[in-house]
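First up is the structure itself, then whatever we jot down about it.
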Amino acid sequence: MAERIALGMIGCGFFAQNHLHAWQDLKPEGVDIVAVCDVDAERARAAAERFGVPRWYTDAAVMFRAEQLGLVDIATQMQSHLPLVKLALSHQVPTVIQKPFGQDIAEVREMVAAAKAANIFLAVHENFRFQKPLRRIAEIVRSGAIGTPTWARVSFRTGYDIYAGQPYLAEQQRFVLIDLGVHVLDVARVLLGEVEHSTAELQRRNPKAKGEDTATMLLRHSSGGVSVVECTYGSRRLPDSFPETLIEVEGDKGAIVSRIGNKVEVTINGRMEVLDEGPEVLPWAERPWHVAQESVLATNRHMLEALRAGRPAATSAEDNLKTFALVEAAYLAAGKVKPEA
Ligand code: NAD
Ligand code: 89Y
């Protein structure tokens, strides 16, 4: 019987609720949420009450000193990622950090190097590749059933009011690429492999947003494959696909096309089959978020298994640096460089 893992959660805001539910679901698999922390005392206290967590804190440094954590999960906004990751590593606590990994590539490199120097597990909660339809598509591609994949489109286009739950997004100077680009670029890497070169165009189509809300990228992969990777919060089409990522992949024996509603059309040697890859609506989940929510459970489970097996997560710090580099490349290609970068 594997040893139980004492988990500390930092950040008890909007998205952390999903993490907490998912960790609670993983209790039978050996995780105990022993402490939660939020600089906002009310949020920390409320999370502790809601999830039956014995202790809550408003200062992560105090939490690390007081608790013997086997894993810390950080779901705060990106400005706090570097200091919190460094703090966790200084206490030698294996760490999962929400996306975006950092505010810029310099911060990301610093965290990757710090984890390597400390020889501590550090992974990014990059959950899109763990969504049920995307897991299935990647599996089919890897099986070779459609032959060698040479072209793909990865697309997240919505007009859903994300600002209601995440008002800070409207204020970000670097907006859709760092928020959603990290996800779709990661999926492109999963499907077609590492990238040789890329280009990008950015647009701000909704004046409510301070930063770019639309990104269109073209990637040449080392395999020779090409992908079109796009994300926008400014789409006005119906039906709205939020929060689904729609995929097209073509190989020399067939193709995969996903449609709204988690339907996946798989064509192999001229025969097409439609798969229903809709995930279970977990008891604590709600539509349309259930695809994302189920992926949080899958991501957390993956983290647990990787940590226990003593191997890096699929979305390890080093792996996510490659995805983050594509975000930076896109900002550079589009001529939008953070002033201090
Ligand atoms: P939020 O602002 O609602 O929650 C963040 C919480 O962290 C707040 O309660 C805040 O008080 C707390 N906090 C900030 N600094 C802290 C610190 N130093 N110590 C302890 N607590 C601190 O934000 P959110 O919408 O929940 O987003 C959090 C992260 O999750 C972001 O990085 C966002 O990009 C990511 N996110 C990911 C997904 C996904 O699908 N992967 C979806 C939504 C949000
Ligand atoms: O912020 C975004 C993310 O990371 O996944 C979904 C989201 O919450 C809104 O599009």
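Labels used: A, B, ... for chains in the order of the structure tokens, numbers from 1 for residues in each chain, and numbers from 1 for ligands as shown.
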
Item to complete: Could you find all residues in segment 127-200 of chain A that DSSP calls helix (DSSP H, G or I) from the backbone, and write them as a ChimeraX atom specification?
Response: /A:128-130,132-143,162-165,167-171,176-192

Discussion item. Taking 6 positions as the minimum chain separation for residues in the same chain, which residues sit within 12 Å of Arg271 of chain A when counting only C-alpha atoms? Answer as a PyMOL selection string.
Written reply: chain A and resi 145-146+253-256+265

What residues of the protein or nucleic acid chains come within 9 Å of ligand 1 when you use only C-alpha atoms and all ligand atoms? Reply as a compact mmCIF listing (two decimals) with N, CA, C and O atoms, in the first residue's frame.
# COMPACT_ATOMS: atom_id res chain seq x y z
N MET A 9 -2.84 23.19 -0.57
CA MET A 9 -3.34 23.92 -1.76
C MET A 9 -3.09 25.40 -1.53
O MET A 9 -3.49 25.95 -0.50
N ILE A 10 -2.44 26.05 -2.48
CA ILE A 10 -2.24 27.51 -2.37
C ILE A 10 -3.08 28.20 -3.44
O ILE A 10 -2.97 27.90 -4.63
N GLY A 11 -3.90 29.14 -3.01
CA GLY A 11 -4.85 29.81 -3.90
C GLY A 11 -6.18 29.09 -3.78
O GLY A 11 -6.27 27.87 -4.04
N CYS A 12 -7.20 29.80 -3.33
CA CYS A 12 -8.53 29.19 -3.15
C CYS A 12 -9.57 30.00 -3.89
O CYS A 12 -10.67 30.24 -3.41
N GLY A 13 -9.19 30.45 -5.10
CA GLY A 13 -10.08 31.31 -5.87
C GLY A 13 -10.97 30.54 -6.83
O GLY A 13 -11.36 29.39 -6.57
N PHE A 14 -11.25 31.16 -7.96
CA PHE A 14 -12.18 30.64 -8.96
C PHE A 14 -11.84 29.21 -9.40
O PHE A 14 -12.63 28.29 -9.22
N PHE A 15 -10.66 29.00 -9.96
CA PHE A 15 -10.38 27.69 -10.55
C PHE A 15 -9.93 26.65 -9.52
O PHE A 15 -10.09 25.45 -9.73
N ALA A 16 -9.40 27.14 -8.40
CA ALA A 16 -8.93 26.21 -7.36
C ALA A 16 -10.06 25.33 -6.83
O ALA A 16 -9.80 24.23 -6.34
N GLN A 17 -11.30 25.80 -6.95
CA GLN A 17 -12.42 24.98 -6.46
C GLN A 17 -12.43 23.63 -7.19
O GLN A 17 -12.71 22.59 -6.60
N VAL A 36 -5.03 24.44 3.39
CA VAL A 36 -5.25 25.34 2.26
C VAL A 36 -4.70 26.71 2.66
O VAL A 36 -4.61 27.04 3.85
N CYS A 37 -4.36 27.50 1.64
CA CYS A 37 -3.78 28.81 1.92
C CYS A 37 -4.27 29.81 0.89
O CYS A 37 -4.29 29.52 -0.31
N ASP A 38 -4.67 30.98 1.36
CA ASP A 38 -5.00 32.08 0.44
C ASP A 38 -4.71 33.37 1.19
O ASP A 38 -4.99 33.46 2.40
N VAL A 39 -4.15 34.36 0.50
CA VAL A 39 -3.88 35.64 1.17
C VAL A 39 -5.20 36.28 1.62
O VAL A 39 -5.21 37.12 2.52
N ASP A 40 -6.27 35.89 1.00
CA ASP A 40 -7.60 36.35 1.39
C ASP A 40 -8.14 35.34 2.43
O ASP A 40 -8.50 34.21 2.09
N ALA A 41 -8.16 35.78 3.70
CA ALA A 41 -8.50 34.86 4.80
C ALA A 41 -9.88 34.24 4.61
O ALA A 41 -10.09 33.06 4.89
N ARG A 43 -11.44 33.52 1.87
CA ARG A 43 -11.41 32.45 0.86
C ARG A 43 -10.75 31.19 1.42
O ARG A 43 -11.20 30.07 1.15
N ALA A 44 -9.69 31.38 2.20
CA ALA A 44 -8.99 30.21 2.76
C ALA A 44 -9.91 29.49 3.75
O ALA A 44 -10.05 28.26 3.71
N TYR A 57 -4.41 28.75 6.10
CA TYR A 57 -3.37 29.77 6.30
C TYR A 57 -3.58 30.93 5.34
O TYR A 57 -4.20 30.77 4.29
N THR A 58 -2.99 32.07 5.72
CA THR A 58 -3.01 33.22 4.80
C THR A 58 -1.59 33.52 4.31
O THR A 58 -1.39 34.44 3.51
N ASP A 59 -0.61 32.77 4.80
CA ASP A 59 0.77 33.00 4.41
C ASP A 59 1.40 31.64 4.07
O ASP A 59 1.52 30.76 4.94
N ALA A 60 1.80 31.51 2.81
CA ALA A 60 2.34 30.21 2.37
C ALA A 60 3.61 29.83 3.14
O ALA A 60 3.84 28.65 3.43
N ALA A 61 4.42 30.83 3.48
CA ALA A 61 5.67 30.54 4.22
C ALA A 61 5.34 29.90 5.57
O ALA A 61 6.01 28.95 6.00
N ILE A 74 -0.47 24.71 -6.59
CA ILE A 74 -0.58 26.17 -6.58
C ILE A 74 -1.51 26.63 -7.70
O ILE A 74 -1.23 26.39 -8.88
N ALA A 75 -2.61 27.26 -7.32
CA ALA A 75 -3.57 27.75 -8.33
C ALA A 75 -3.83 29.23 -8.10
O ALA A 75 -4.97 29.66 -7.92
N THR A 76 -2.73 29.99 -8.09
CA THR A 76 -2.84 31.45 -8.00
C THR A 76 -2.58 32.02 -9.39
O THR A 76 -2.16 31.29 -10.30
N GLN A 77 -2.78 33.32 -9.57
CA GLN A 77 -2.48 33.94 -10.86
C GLN A 77 -0.97 34.03 -11.07
O GLN A 77 -0.20 33.95 -10.11
N MET A 78 -0.57 34.23 -12.31
CA MET A 78 0.84 34.04 -12.69
C MET A 78 1.85 34.95 -11.98
O MET A 78 3.02 34.57 -11.86
N GLN A 79 1.43 36.14 -11.50
CA GLN A 79 2.40 37.04 -10.86
C GLN A 79 3.05 36.40 -9.65
O GLN A 79 4.18 36.75 -9.29
N SER A 80 2.33 35.49 -9.00
CA SER A 80 2.84 34.89 -7.75
C SER A 80 3.55 33.56 -7.99
O SER A 80 4.05 32.96 -7.04
N HIS A 81 3.59 33.09 -9.25
CA HIS A 81 4.12 31.73 -9.46
C HIS A 81 5.60 31.59 -9.09
O HIS A 81 5.99 30.65 -8.39
N PRO A 83 7.70 33.40 -7.03
CA PRO A 83 8.03 33.35 -5.59
C PRO A 83 7.46 32.13 -4.88
O PRO A 83 8.14 31.55 -4.02
N LEU A 84 6.26 31.70 -5.26
CA LEU A 84 5.67 30.55 -4.56
C LEU A 84 6.39 29.25 -4.92
O LEU A 84 6.62 28.39 -4.05
N ILE A 97 2.10 23.55 -10.44
CA ILE A 97 1.77 24.96 -10.59
C ILE A 97 0.79 25.13 -11.75
O ILE A 97 0.96 24.50 -12.81
N GLN A 98 -0.22 25.97 -11.57
CA GLN A 98 -1.18 26.20 -12.66
C GLN A 98 -0.48 26.89 -13.84
O GLN A 98 0.57 27.50 -13.67
N LYS A 99 -1.10 26.77 -15.00
CA LYS A 99 -0.66 27.56 -16.15
C LYS A 99 -1.17 28.98 -15.97
O LYS A 99 -2.13 29.15 -15.20
N PRO A 100 -0.66 30.01 -16.63
CA PRO A 100 0.62 29.97 -17.33
C PRO A 100 1.75 29.83 -16.32
O PRO A 100 1.73 30.44 -15.26
N PHE A 101 2.75 29.03 -16.68
CA PHE A 101 3.85 28.68 -15.79
C PHE A 101 4.41 29.94 -15.12
O PHE A 101 4.60 29.98 -13.90
N GLY A 102 4.69 30.97 -15.92
CA GLY A 102 5.23 32.22 -15.36
C GLY A 102 4.73 33.39 -16.17
O GLY A 102 3.93 33.22 -17.09
N HIS A 125 0.23 22.39 -14.23
CA HIS A 125 -1.14 21.88 -14.38
C HIS A 125 -1.65 22.35 -15.75
O HIS A 125 -2.46 23.27 -15.86
N GLU A 126 -1.09 21.73 -16.80
CA GLU A 126 -1.52 22.02 -18.18
C GLU A 126 -2.55 20.94 -18.51
O GLU A 126 -2.18 19.81 -18.86
N ASN A 127 -3.83 21.28 -18.37
CA ASN A 127 -4.87 20.25 -18.36
C ASN A 127 -5.52 19.97 -19.70
O ASN A 127 -6.23 18.97 -19.85
N PHE A 128 -5.30 20.84 -20.73
CA PHE A 128 -6.05 20.61 -21.98
C PHE A 128 -5.72 19.25 -22.59
O PHE A 128 -6.59 18.53 -23.03
N GLY A 165 -16.16 35.23 -14.65
CA GLY A 165 -15.48 34.43 -13.63
C GLY A 165 -14.04 34.83 -13.43
O GLY A 165 -13.46 34.62 -12.36
N GLN A 166 -13.42 35.39 -14.48
CA GLN A 166 -12.01 35.73 -14.43
C GLN A 166 -11.80 37.19 -14.88
O GLN A 166 -11.23 37.44 -15.94
N PRO A 167 -12.27 38.15 -14.06
CA PRO A 167 -12.24 39.56 -14.49
C PRO A 167 -10.83 40.09 -14.78
O PRO A 167 -10.65 40.97 -15.61
N TYR A 168 -9.81 39.47 -14.14
CA TYR A 168 -8.42 39.91 -14.32
C TYR A 168 -7.96 39.75 -15.77
O TYR A 168 -7.05 40.44 -16.22
N LEU A 169 -8.62 38.86 -16.52
CA LEU A 169 -8.18 38.61 -17.89
C LEU A 169 -8.30 39.87 -18.76
O LEU A 169 -7.47 40.12 -19.63
N ILE A 178 -1.07 34.09 -23.63
CA ILE A 178 -0.52 33.54 -22.39
C ILE A 178 -1.60 32.77 -21.62
O ILE A 178 -1.31 31.85 -20.87
N ASP A 179 -2.86 33.13 -21.84
CA ASP A 179 -3.94 32.45 -21.12
C ASP A 179 -4.39 31.16 -21.85
O ASP A 179 -4.49 30.11 -21.23
N LEU A 180 -4.66 31.28 -23.13
CA LEU A 180 -5.17 30.13 -23.91
C LEU A 180 -4.13 29.57 -24.87
O LEU A 180 -4.12 28.38 -25.16
N HIS A 183 -2.33 26.59 -23.83
CA HIS A 183 -3.07 25.33 -23.94
C HIS A 183 -3.02 24.79 -25.37
O HIS A 183 -2.69 23.62 -25.60
N PRO A 243 -16.14 25.13 -23.56
CA PRO A 243 -14.69 25.38 -23.59
C PRO A 243 -13.96 24.29 -24.38
O PRO A 243 -12.89 23.84 -23.97
N ALA A 292 -13.59 20.71 -18.95
CA ALA A 292 -12.40 21.21 -18.25
C ALA A 292 -12.32 20.57 -16.87
O ALA A 292 -11.24 20.18 -16.42
N GLN A 293 -13.46 20.46 -16.21
CA GLN A 293 -13.44 19.95 -14.83
C GLN A 293 -12.99 18.49 -14.77
O GLN A 293 -12.20 18.12 -13.91
N SER A 295 -11.03 17.17 -16.79
CA SER A 295 -9.60 17.13 -17.11
C SER A 295 -8.75 17.51 -15.89
O SER A 295 -7.59 17.11 -15.79
N VAL A 296 -9.32 18.27 -14.98
CA VAL A 296 -8.58 18.61 -13.74
C VAL A 296 -8.37 17.34 -12.92
O VAL A 296 -7.27 17.08 -12.42

Item to complete: Identify, with DSSP run on backbone atoms, the residues in segment 177-255 of chain A assigned to strand (DSSP E or B), and express the list as JSON, numbers by chain.
Response: {"A": [195, 196, 197, 198, 199, 200, 201, 202, 203, 214, 215, 216, 217, 218, 219, 220, 221, 226, 227, 228, 229, 230, 231, 232, 246, 247, 248, 249, 250, 251, 254, 255]}

Next, write the just-selected residues to a file, as a short mmCIF file (atom, residue, chain, number, x, y, z; two decimals), in the first residue's frame, keeping N, CA, C and O atoms as the atom set.
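Wrote it out as again_35.cif, contents follow:
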data_model
loop_
_atom_site.label_atom_id
_atom_site.label_comp_id
_atom_site.auth_asym_id
_atom_site.auth_seq_id
_atom_site.Cartn_x
_atom_site.Cartn_y
_atom_site.Cartn_z
N VAL A 195 8.55 21.93 -32.45
CA VAL A 195 8.35 22.94 -33.51
C VAL A 195 9.68 23.51 -33.97
O VAL A 195 10.54 23.83 -33.15
N GLU A 196 9.83 23.63 -35.29
CA GLU A 196 11.07 24.18 -35.84
C GLU A 196 10.98 25.70 -35.96
O GLU A 196 11.87 26.42 -35.58
N HIS A 197 9.89 26.17 -36.56
CA HIS A 197 9.67 27.61 -36.61
C HIS A 197 8.18 27.93 -36.67
O HIS A 197 7.36 27.06 -36.95
N SER A 198 7.87 29.20 -36.37
CA SER A 198 6.44 29.57 -36.31
C SER A 198 6.28 31.04 -36.63
O SER A 198 7.23 31.82 -36.57
N THR A 199 5.06 31.39 -36.93
CA THR A 199 4.73 32.81 -37.09
C THR A 199 3.36 33.05 -36.48
O THR A 199 2.64 32.10 -36.18
N ALA A 200 3.04 34.31 -36.25
CA ALA A 200 1.78 34.59 -35.54
C ALA A 200 1.24 35.97 -35.90
O ALA A 200 2.00 36.88 -36.21
N GLU A 201 -0.06 36.10 -35.84
CA GLU A 201 -0.72 37.40 -35.94
C GLU A 201 -1.62 37.53 -34.72
O GLU A 201 -2.35 36.60 -34.37
N LEU A 202 -1.58 38.68 -34.08
CA LEU A 202 -2.43 38.93 -32.92
C LEU A 202 -3.41 40.05 -33.23
O LEU A 202 -3.09 40.97 -34.00
N GLN A 203 -4.59 39.98 -32.64
CA GLN A 203 -5.60 41.03 -32.80
C GLN A 203 -6.26 41.31 -31.46
O GLN A 203 -6.39 40.41 -30.63
N THR A 214 -7.13 37.64 -29.67
CA THR A 214 -7.17 36.70 -30.79
C THR A 214 -5.75 36.42 -31.27
O THR A 214 -4.98 37.36 -31.48
N ALA A 215 -5.43 35.14 -31.41
CA ALA A 215 -4.10 34.78 -31.92
C ALA A 215 -4.24 33.71 -32.99
O ALA A 215 -4.99 32.75 -32.82
N THR A 216 -3.54 33.91 -34.10
CA THR A 216 -3.55 32.95 -35.20
C THR A 216 -2.11 32.59 -35.51
O THR A 216 -1.31 33.48 -35.84
N MET A 217 -1.77 31.33 -35.37
CA MET A 217 -0.36 30.92 -35.51
C MET A 217 -0.21 29.83 -36.56
O MET A 217 -1.12 29.04 -36.78
N LEU A 218 0.95 29.83 -37.16
CA LEU A 218 1.28 28.81 -38.17
C LEU A 218 2.61 28.19 -37.74
O LEU A 218 3.60 28.91 -37.56
N LEU A 219 2.62 26.88 -37.55
CA LEU A 219 3.80 26.19 -37.01
C LEU A 219 4.33 25.15 -38.00
O LEU A 219 3.54 24.40 -38.59
N ARG A 220 5.65 25.12 -38.13
CA ARG A 220 6.31 24.05 -38.88
C ARG A 220 6.97 23.14 -37.85
O ARG A 220 7.80 23.60 -37.05
N HIS A 221 6.57 21.89 -37.83
CA HIS A 221 7.09 20.96 -36.83
C HIS A 221 8.35 20.26 -37.37
O HIS A 221 8.54 20.16 -38.59
N VAL A 226 2.77 20.49 -40.48
CA VAL A 226 2.40 21.90 -40.34
C VAL A 226 1.10 21.98 -39.53
O VAL A 226 0.19 21.17 -39.76
N SER A 227 1.03 22.95 -38.62
CA SER A 227 -0.25 23.12 -37.90
C SER A 227 -0.67 24.58 -37.88
O SER A 227 0.17 25.49 -37.87
N VAL A 228 -1.97 24.76 -37.87
CA VAL A 228 -2.57 26.07 -37.70
C VAL A 228 -3.15 26.06 -36.28
O VAL A 228 -3.94 25.17 -35.96
N VAL A 229 -2.70 26.98 -35.47
CA VAL A 229 -3.11 26.97 -34.07
C VAL A 229 -3.75 28.32 -33.77
O VAL A 229 -3.15 29.37 -34.01
N GLU A 230 -4.98 28.30 -33.27
CA GLU A 230 -5.71 29.56 -33.12
C GLU A 230 -6.49 29.60 -31.83
O GLU A 230 -6.98 28.58 -31.35
N CYS A 231 -6.58 30.78 -31.25
CA CYS A 231 -7.42 30.92 -30.06
C CYS A 231 -7.97 32.35 -30.04
O CYS A 231 -7.30 33.30 -30.42
N THR A 232 -9.22 32.44 -29.62
CA THR A 232 -9.83 33.76 -29.53
C THR A 232 -10.93 33.78 -28.49
O THR A 232 -11.61 32.77 -28.26
N LEU A 246 -11.25 22.39 -30.67
CA LEU A 246 -11.59 21.57 -31.83
C LEU A 246 -10.33 21.26 -32.63
O LEU A 246 -9.46 22.12 -32.81
N ILE A 247 -10.28 20.01 -33.08
CA ILE A 247 -9.04 19.49 -33.69
C ILE A 247 -9.32 18.94 -35.08
O ILE A 247 -10.36 18.33 -35.31
N GLU A 248 -8.36 19.15 -35.96
CA GLU A 248 -8.34 18.42 -37.23
C GLU A 248 -6.91 17.90 -37.38
O GLU A 248 -5.97 18.66 -37.17
N VAL A 249 -6.76 16.62 -37.68
CA VAL A 249 -5.43 16.07 -37.95
C VAL A 249 -5.51 15.21 -39.19
O VAL A 249 -6.43 14.38 -39.30
N GLU A 250 -4.59 15.42 -40.09
CA GLU A 250 -4.57 14.59 -41.31
C GLU A 250 -3.27 13.80 -41.41
O GLU A 250 -2.19 14.35 -41.21
N GLY A 251 -3.43 12.52 -41.71
CA GLY A 251 -2.26 11.67 -41.94
C GLY A 251 -2.37 11.04 -43.31
O GLY A 251 -3.33 11.29 -44.04
N GLY A 254 -5.47 8.54 -43.12
CA GLY A 254 -6.78 8.97 -42.64
C GLY A 254 -6.73 10.33 -41.98
O GLY A 254 -5.76 11.08 -42.13
N ALA A 255 -7.79 10.62 -41.22
CA ALA A 255 -7.89 11.95 -40.59
C ALA A 255 -8.78 11.88 -39.36
O ALA A 255 -9.60 10.96 -39.22
#

Discussion item. Need to verify the contact set: His91 of chain A, 12 Å, only C-alpha atoms, exclusion of same-chain residues closer than 5 positions in sequence. Can you return it as an MDAnalysis selection string?
Written reply: chainID A and resid 60:72 84:86 115 118:120

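Between ligand 2 and the candidates A:Phe51, A:Tyr233, A:Phe130, A:Phe324, the tightest atom-to-atom separation, counting only C-alpha atoms and all ligand atoms, involves A:Tyr233.
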